[in-house]
Every structure is written in C-alpha cells, then in structure tokens.
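Participant: Below you will find the structure I want to go over with you.
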Amino acid sequence: MSVTPTAVKPRKVLALLALQANQLVSVSSLVEEVWGEAPPRSVQTTLQTYILQLRTLIAAALGAECAGLPNGAKSVLITEPGGYLLDTQGGLFDMQEFEVLASAGHRSLEQGDWSAASAHLGRALALWKGRALVDVQRGPLLDVEATRLEESRMSVLHGRIEADLRLGRHHELIGELSGLAARYPLNEGIHGQLMVALYRAGRRGDALTTYRQLRTALGQNLGLDPSPGIEHLQRAVLGSSLLDLDVGMPSGHLAKVG
C-alpha cells in the first residue's frame, strides 16, 4: 500500500520528512515549505492534521507490523520538541541507496576500477524513475533538495559514462550521449564524452561537428567560448592524437556548463 497522500500539502510534508529521514525537521521548515511567507492563522493545527493523516497512511501500509511498534505509527513519524522526525526503522530509502551506490562508484573511479565503477554507478542510476520530486508541488526547500539530487544524478551519469568509455564501450554509448547532448546543449562534459565516443568509433567528422555545435550554443546563450579542456580535446581530434582515453577525459578537465 502506498503511503503517499494525494493532497498537495500533506504530500509536501511527507517529501520533506523523507528527504531528511532520521533527522529532526523543524516546524518552521515545514511551514516555510508548505505555506511560504503567508501561513494561515491556524497553521499549527493544520500541520498537526497533516501529520495525523500521514500517520494513518503509515499505519495502513504497515498493517499488522504497526501493532508490533511501541507507539504504532507514532514510532515511525515521531513528534519531537520543535518538529517531527521520520524514523526509517533501519530501512533504506531509494535516495539513501542511491547515495551509497554513488559513493562506492566514485571510489572505484578514483581507484581506476572501471568495471566496478560502471556497475555501482549504473545501479545507482537505475533507481531513478524520472526527475527528482516530479510528482510533488515544490516549495523553496524542496526546490533546493531537487536541485541537489539532480546535480548528484548528473555527476553519477558522467562517472558511469567515463567508466564505460574506459572499458571501450564507445559504440554502445553514442546513442545515449547524442540524446543527452541534445537535452543539455550547454553541458561541456557530455559533449566532450560524445566527442571521444565518436572519435573512438572512427567518426572524427561527427566529433568535430559536436564541438562546433557546443561552441555555437555556448556563444549564443552565454557569450562564452568552450573551456580549455574542450579546446584541447578538439585539437586532439583534429590532430588524430587521441591515442588513449586520458586525453581530455578526466571530469575535472571538462567543465560542466548548464
């Protein structure tokens, strides 16, 4: 059974509690997220009503297990001085699992274990079913959280693609990278990885076309030239000197814009 409420405001409350699971979320933070700068006079009572609704959903979802908890649903959604805490009871949210896998994948990248990095980061990305909090009407705090999660996802995506390039999977990556480049026309990291994949697949002309498209997009939208890392990569493609994947590939050399 789903614990997710259908009403907009209780849904916001649950989202904020879930994103800070096992941590106290202050009443003031919940009020800011749900009502912004214009809370109603009855804000405390209304917030308590939303908490009660969430506990009812939690109890229904847990079923018989709820009876085994010392305070029933109140053991999961706990009232603390100054706020509320969502206790996962040792369970793992998909967000937490994502972060565990992402950390493992980034460590593998640093160690040069490309197979492990690709596996960990690929499993992390598989947990995503769409954009962060896409089904929640976000306020100021959830907007910040959504941005953080999206940035983390992009970092994991870059890392997984880098690992796959290191493993020689350039042919399989071209379609994915082409779609990403179209979706993120100002992202230098993605375009740099697409250039490498195309070059490795024997498509030097297409790699240079990708560079020109990026250069045009950056100039028209931001008034910028490509970063030194991308310029270096373009010169390497022109000179057919990409003898190994170390040329222009480290993420630190391919600055991300947009």
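If you're wondering about the labels, chains in the structure tokens are A, B, ... by order shown, residues count from 1 in each chain, ligands from 1 in order shown.
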Restrict the calculation to only C-alpha atoms, then for each residue of region 109-215 of chain A with any atom at most 10 Å from an atom of region 17-23 of chain A give the closest atom pair and their distance in Å to one decimal, rows by chain and rising residue number, as a Markdown table.

Facilitator:
| residue | atom | partner | partner_atom | distance |
| --- | --- | --- | --- | --- |
| A:Leu142 | CA | A:Leu19 | CA | 8.7 |
| A:Glu145 | CA | A:Leu19 | CA | 7.7 |
| A:Ala146 | CA | A:Leu19 | CA | 9.7 |

Participant: What would the file look like if the residues just selected were written as a PDB file, in the first residue's frame with N, CA and C atoms?

Facilitator:
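Final output, selection_7.pdb:
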ATOM      1  N   LEU A 142      12.073  22.243  -0.916  1.00  0.00           N
ATOM      2  CA  LEU A 142      12.097  21.082  -1.812  1.00  0.00           C
ATOM      3  C   LEU A 142      12.759  21.424  -3.140  1.00  0.00           C
ATOM      4  N   GLU A 145      16.376  20.830  -2.543  1.00  0.00           N
ATOM      5  CA  GLU A 145      16.657  19.394  -2.490  1.00  0.00           C
ATOM      6  C   GLU A 145      16.616  18.769  -3.877  1.00  0.00           C
ATOM      7  N   ALA A 146      15.638  19.175  -4.683  1.00  0.00           N
ATOM      8  CA  ALA A 146      15.523  18.627  -6.034  1.00  0.00           C
ATOM      9  C   ALA A 146      16.747  18.987  -6.872  1.00  0.00           C
TER      10      ALA A 146
END

Participant: Which residues are near region 49-55 of chain A? Cut-off 8 Å, only C-alpha atoms, ignore same chain within fewer than 3 positions. Put them as a PyMOL selection string.

Facilitator: chain A and resi 3+5+9-10+13-14+45-46+58-59+73-74+77

Participant: For Tyr199 (chain A), find every residue with an atom within 9 Å (counting only C-alpha atoms), except residues of its own chain fewer than 3 positions away, and show them as a list of chain:residue names.

Facilitator: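 The neighbour list is A:His170, A:Leu194, A:Met195, A:Val196, A:Gly202, A:Arg203, A:Arg204, A:Gly205, A:Asp206, A:Ala207, A:Leu208, A:Val237, A:Ser240, A:Leu242.
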
Participant: Would you output that residue set with all heavy atoms, as a short mmCIF file (atom, residue, chain, number, x, y, z; two decimals), in the first residue's frame?

Facilitator:
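Final file, result_37.cif:
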data_model
loop_
_atom_site.label_atom_id
_atom_site.label_comp_id
_atom_site.auth_asym_id
_atom_site.auth_seq_id
_atom_site.Cartn_x
_atom_site.Cartn_y
_atom_site.Cartn_z
N HIS A 170 32.55 2.56 -26.46
CA HIS A 170 32.18 3.80 -27.15
C HIS A 170 31.05 3.61 -28.15
O HIS A 170 30.19 4.49 -28.28
CB HIS A 170 33.40 4.40 -27.85
CG HIS A 170 34.33 3.41 -28.44
ND1 HIS A 170 35.37 2.85 -27.74
CD2 HIS A 170 34.36 2.85 -29.68
CE1 HIS A 170 36.02 2.01 -28.51
NE2 HIS A 170 35.43 1.98 -29.70
N LEU A 194 30.90 12.71 -25.72
CA LEU A 194 30.38 12.32 -27.04
C LEU A 194 31.47 12.45 -28.11
O LEU A 194 31.59 11.58 -28.99
CB LEU A 194 29.17 13.19 -27.41
CG LEU A 194 28.56 12.95 -28.79
CD1 LEU A 194 28.14 11.49 -28.98
CD2 LEU A 194 27.36 13.89 -29.01
N MET A 195 32.27 13.50 -28.01
CA MET A 195 33.37 13.66 -28.97
C MET A 195 34.33 12.47 -28.90
O MET A 195 34.76 11.94 -29.93
CB MET A 195 34.12 14.97 -28.68
CG MET A 195 33.36 16.23 -29.07
SD MET A 195 34.21 17.74 -28.50
CE MET A 195 35.69 17.69 -29.52
N VAL A 196 34.67 12.04 -27.68
CA VAL A 196 35.58 10.91 -27.52
C VAL A 196 34.95 9.64 -28.08
O VAL A 196 35.60 8.87 -28.81
CB VAL A 196 35.94 10.72 -26.03
CG1 VAL A 196 36.69 9.40 -25.82
CG2 VAL A 196 36.79 11.89 -25.54
N GLY A 202 35.56 5.92 -34.98
CA GLY A 202 36.01 6.25 -36.33
C GLY A 202 35.22 7.36 -36.99
O GLY A 202 35.26 7.49 -38.21
N ARG A 203 34.51 8.15 -36.18
CA ARG A 203 33.66 9.22 -36.74
C ARG A 203 34.24 10.59 -36.34
O ARG A 203 33.64 11.37 -35.63
CB ARG A 203 32.23 9.04 -36.23
CG ARG A 203 31.59 7.76 -36.74
CD ARG A 203 30.28 7.43 -36.04
NE ARG A 203 29.30 8.48 -36.18
CZ ARG A 203 28.06 8.41 -35.66
NH1 ARG A 203 27.68 7.31 -35.00
NH2 ARG A 203 27.22 9.40 -35.80
N ARG A 204 35.43 10.87 -36.83
CA ARG A 204 36.12 12.10 -36.47
C ARG A 204 35.36 13.34 -36.91
O ARG A 204 35.29 14.33 -36.17
CB ARG A 204 37.53 12.10 -37.07
CG ARG A 204 38.40 13.23 -36.56
CD ARG A 204 39.87 12.95 -36.82
NE ARG A 204 40.18 12.92 -38.24
CZ ARG A 204 41.11 13.71 -38.82
NH1 ARG A 204 41.81 14.54 -38.08
NH2 ARG A 204 41.35 13.62 -40.10
N GLY A 205 34.75 13.28 -38.10
CA GLY A 205 33.98 14.43 -38.58
C GLY A 205 32.81 14.74 -37.67
O GLY A 205 32.52 15.91 -37.36
N ASP A 206 32.11 13.69 -37.20
CA ASP A 206 30.98 13.91 -36.30
C ASP A 206 31.45 14.45 -34.95
O ASP A 206 30.75 15.24 -34.30
CB ASP A 206 30.21 12.60 -36.09
CG ASP A 206 29.46 12.18 -37.34
OD1 ASP A 206 29.12 13.05 -38.16
OD2 ASP A 206 29.20 10.97 -37.50
N ALA A 207 32.62 14.02 -34.52
CA ALA A 207 33.17 14.54 -33.27
C ALA A 207 33.43 16.03 -33.38
O ALA A 207 33.13 16.81 -32.46
CB ALA A 207 34.47 13.80 -32.91
N LEU A 208 33.95 16.47 -34.53
CA LEU A 208 34.21 17.90 -34.73
C LEU A 208 32.91 18.68 -34.90
O LEU A 208 32.80 19.83 -34.45
CB LEU A 208 35.11 18.09 -35.95
CG LEU A 208 36.54 17.54 -35.79
CD1 LEU A 208 37.29 17.60 -37.12
CD2 LEU A 208 37.28 18.32 -34.71
N VAL A 237 41.43 15.80 -31.53
CA VAL A 237 40.66 15.15 -32.60
C VAL A 237 41.17 15.60 -33.96
O VAL A 237 41.37 14.78 -34.87
CB VAL A 237 39.15 15.47 -32.45
CG1 VAL A 237 38.37 14.96 -33.67
CG2 VAL A 237 38.58 14.84 -31.18
N SER A 240 44.30 13.87 -34.74
CA SER A 240 44.24 12.42 -34.59
C SER A 240 45.20 11.94 -33.51
O SER A 240 45.89 10.92 -33.67
CB SER A 240 44.57 11.73 -35.92
OG SER A 240 43.62 12.07 -36.91
N LEU A 242 44.30 11.39 -30.17
CA LEU A 242 43.65 10.77 -29.02
C LEU A 242 44.10 9.31 -28.95
O LEU A 242 43.36 8.39 -29.25
CB LEU A 242 42.12 10.85 -29.14
CG LEU A 242 41.47 12.17 -28.72
CD1 LEU A 242 39.98 12.12 -28.99
CD2 LEU A 242 41.71 12.45 -27.25
#

Participant: Counting only C-alpha atoms, figure out which residue out of A:Ala117, A:Leu149, A:Leu238, A:Leu109 gets nearest to Val134 (chain A).

Facilitator: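 Under the stated criterion, the closest residue is A:Leu149.
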
Participant: What are the DSSP helix (DSSP H, G or I) residues of region 69-249 of chain A, as a VMD selection string?

Facilitator: chain A and resid 72 to 75 94 to 111 114 to 126 140 to 166 170 to 183 188 to 200 204 to 222 228 to 238

Participant: Please produce a file of the residues just selected, as a tab-separated table (two decimals), in the first residue's frame, where the atoms kept are C-alpha atoms.

Facilitator:
chain	number	residue	atom	x	y	z
A	72	GLY	CA	2.37	2.30	16.44
A	73	ALA	CA	2.70	4.79	13.59
A	74	LYS	CA	3.98	7.35	16.10
A	75	SER	CA	7.16	5.26	16.29
A	94	ASP	CA	15.88	4.74	-2.63
A	95	MET	CA	17.60	8.11	-2.18
A	96	GLN	CA	19.83	6.67	0.54
A	97	GLU	CA	20.56	3.58	-1.55
A	98	PHE	CA	21.44	5.85	-4.48
A	99	GLU	CA	23.90	7.79	-2.34
A	100	VAL	CA	25.54	4.59	-1.04
A	101	LEU	CA	25.99	3.24	-4.57
A	102	ALA	CA	27.17	6.62	-5.87
A	103	SER	CA	29.85	6.84	-3.20
A	104	ALA	CA	31.04	3.31	-3.98
A	105	GLY	CA	31.12	4.11	-7.69
A	106	HIS	CA	33.09	7.32	-7.25
A	107	ARG	CA	35.62	5.50	-5.06
A	108	SER	CA	36.03	2.88	-7.79
A	109	LEU	CA	36.60	5.65	-10.34
A	110	GLU	CA	39.33	7.15	-8.19
A	111	GLN	CA	40.96	3.72	-7.89
A	114	TRP	CA	36.33	0.85	-14.26
A	115	SER	CA	34.20	-2.31	-14.17
A	116	ALA	CA	33.21	-1.79	-10.54
A	117	ALA	CA	32.59	1.91	-11.15
A	118	SER	CA	30.32	1.20	-14.11
A	119	ALA	CA	28.41	-1.43	-12.12
A	120	HIS	CA	27.90	0.68	-8.98
A	121	LEU	CA	27.02	3.87	-10.83
A	122	GLY	CA	24.75	2.02	-13.24
A	123	ARG	CA	22.82	0.50	-10.34
A	124	ALA	CA	22.53	3.94	-8.74
A	125	LEU	CA	21.08	5.42	-11.93
A	126	ALA	CA	18.64	2.51	-12.29
A	140	PRO	CA	11.54	26.70	-1.58
A	141	LEU	CA	13.12	23.91	0.49
A	142	LEU	CA	12.10	21.08	-1.81
A	143	ASP	CA	13.38	23.10	-4.77
A	144	VAL	CA	16.83	23.14	-3.16
A	145	GLU	CA	16.66	19.39	-2.49
A	146	ALA	CA	15.52	18.63	-6.03
A	147	THR	CA	18.40	20.66	-7.47
A	148	ARG	CA	20.88	18.85	-5.21
A	149	LEU	CA	19.57	15.45	-6.26
A	150	GLU	CA	19.63	16.33	-9.97
A	151	GLU	CA	23.22	17.56	-9.69
A	152	SER	CA	24.16	14.35	-7.90
A	153	ARG	CA	22.47	12.29	-10.62
A	154	MET	CA	24.36	14.15	-13.35
A	155	SER	CA	27.65	13.56	-11.53
A	156	VAL	CA	26.89	9.84	-11.33
A	157	LEU	CA	25.89	9.78	-15.00
A	158	HIS	CA	29.16	11.44	-16.05
A	159	GLY	CA	31.10	8.97	-13.94
A	160	ARG	CA	29.32	5.92	-15.35
A	161	ILE	CA	29.86	7.08	-18.92
A	162	GLU	CA	33.52	7.79	-18.21
A	163	ALA	CA	33.93	4.28	-16.80
A	164	ASP	CA	32.21	2.79	-19.85
A	165	LEU	CA	34.45	4.78	-22.18
A	166	ARG	CA	37.48	3.49	-20.31
A	170	HIS	CA	32.18	3.80	-27.15
A	171	HIS	CA	29.93	2.27	-29.84
A	172	GLU	CA	27.20	1.48	-27.30
A	173	LEU	CA	27.40	4.97	-25.79
A	174	ILE	CA	26.95	7.09	-28.91
A	175	GLY	CA	23.14	6.89	-28.95
A	176	GLU	CA	22.82	7.70	-25.25
A	177	LEU	CA	25.32	10.55	-25.44
A	178	SER	CA	23.71	12.02	-28.56
A	179	GLY	CA	20.37	12.19	-26.75
A	180	LEU	CA	21.98	13.75	-23.69
A	181	ALA	CA	23.82	16.33	-25.79
A	182	ALA	CA	20.53	17.37	-27.39
A	183	ARG	CA	18.87	17.61	-23.98
A	188	GLU	CA	30.58	20.55	-21.81
A	189	GLY	CA	31.15	17.26	-20.01
A	190	ILE	CA	28.54	15.42	-22.05
A	191	HIS	CA	29.72	16.94	-25.31
A	192	GLY	CA	33.33	16.07	-24.51
A	193	GLN	CA	32.39	12.47	-23.81
A	194	LEU	CA	30.38	12.32	-27.04
A	195	MET	CA	33.37	13.66	-28.97
A	196	VAL	CA	35.58	10.91	-27.52
A	197	ALA	CA	32.99	8.19	-28.24
A	198	LEU	CA	32.54	9.35	-31.84
A	199	TYR	CA	36.28	9.61	-32.40
A	200	ARG	CA	36.86	6.14	-31.00
A	204	ARG	CA	36.12	12.10	-36.47
A	205	GLY	CA	33.98	14.43	-38.58
A	206	ASP	CA	30.98	13.91	-36.30
A	207	ALA	CA	33.17	14.54	-33.27
A	208	LEU	CA	34.21	17.90	-34.73
A	209	THR	CA	30.57	18.70	-35.58
A	210	THR	CA	29.71	18.07	-31.93
A	211	TYR	CA	32.41	20.54	-30.92
A	212	ARG	CA	31.09	23.20	-33.32
A	213	GLN	CA	27.53	22.74	-32.05
A	214	LEU	CA	28.69	23.19	-28.47
A	215	ARG	CA	30.74	26.25	-29.37
A	216	THR	CA	27.76	27.83	-31.12
A	217	ALA	CA	25.38	27.08	-28.23
A	218	LEU	CA	27.77	28.50	-25.62
A	219	GLY	CA	28.36	31.63	-27.67
A	220	GLN	CA	24.70	32.31	-28.45
A	221	ASN	CA	23.33	31.53	-24.99
A	222	LEU	CA	26.10	32.58	-22.61
A	228	PRO	CA	40.38	24.90	-22.27
A	229	GLY	CA	39.65	21.20	-21.72
A	230	ILE	CA	37.20	21.09	-24.63
A	231	GLU	CA	39.55	23.14	-26.84
A	232	HIS	CA	42.34	20.69	-26.06
A	233	LEU	CA	40.06	17.80	-26.94
A	234	GLN	CA	39.11	19.43	-30.25
A	235	ARG	CA	42.78	19.91	-31.15
A	236	ALA	CA	43.47	16.28	-30.27
A	237	VAL	CA	40.66	15.15	-32.60
A	238	LEU	CA	41.93	17.42	-35.38

Participant: Enumerate the residues of region 33-192 of chain A with a DSSP assignment of strand (DSSP E), computed from the backbone, and present them as a count of residues only.

Facilitator: 8
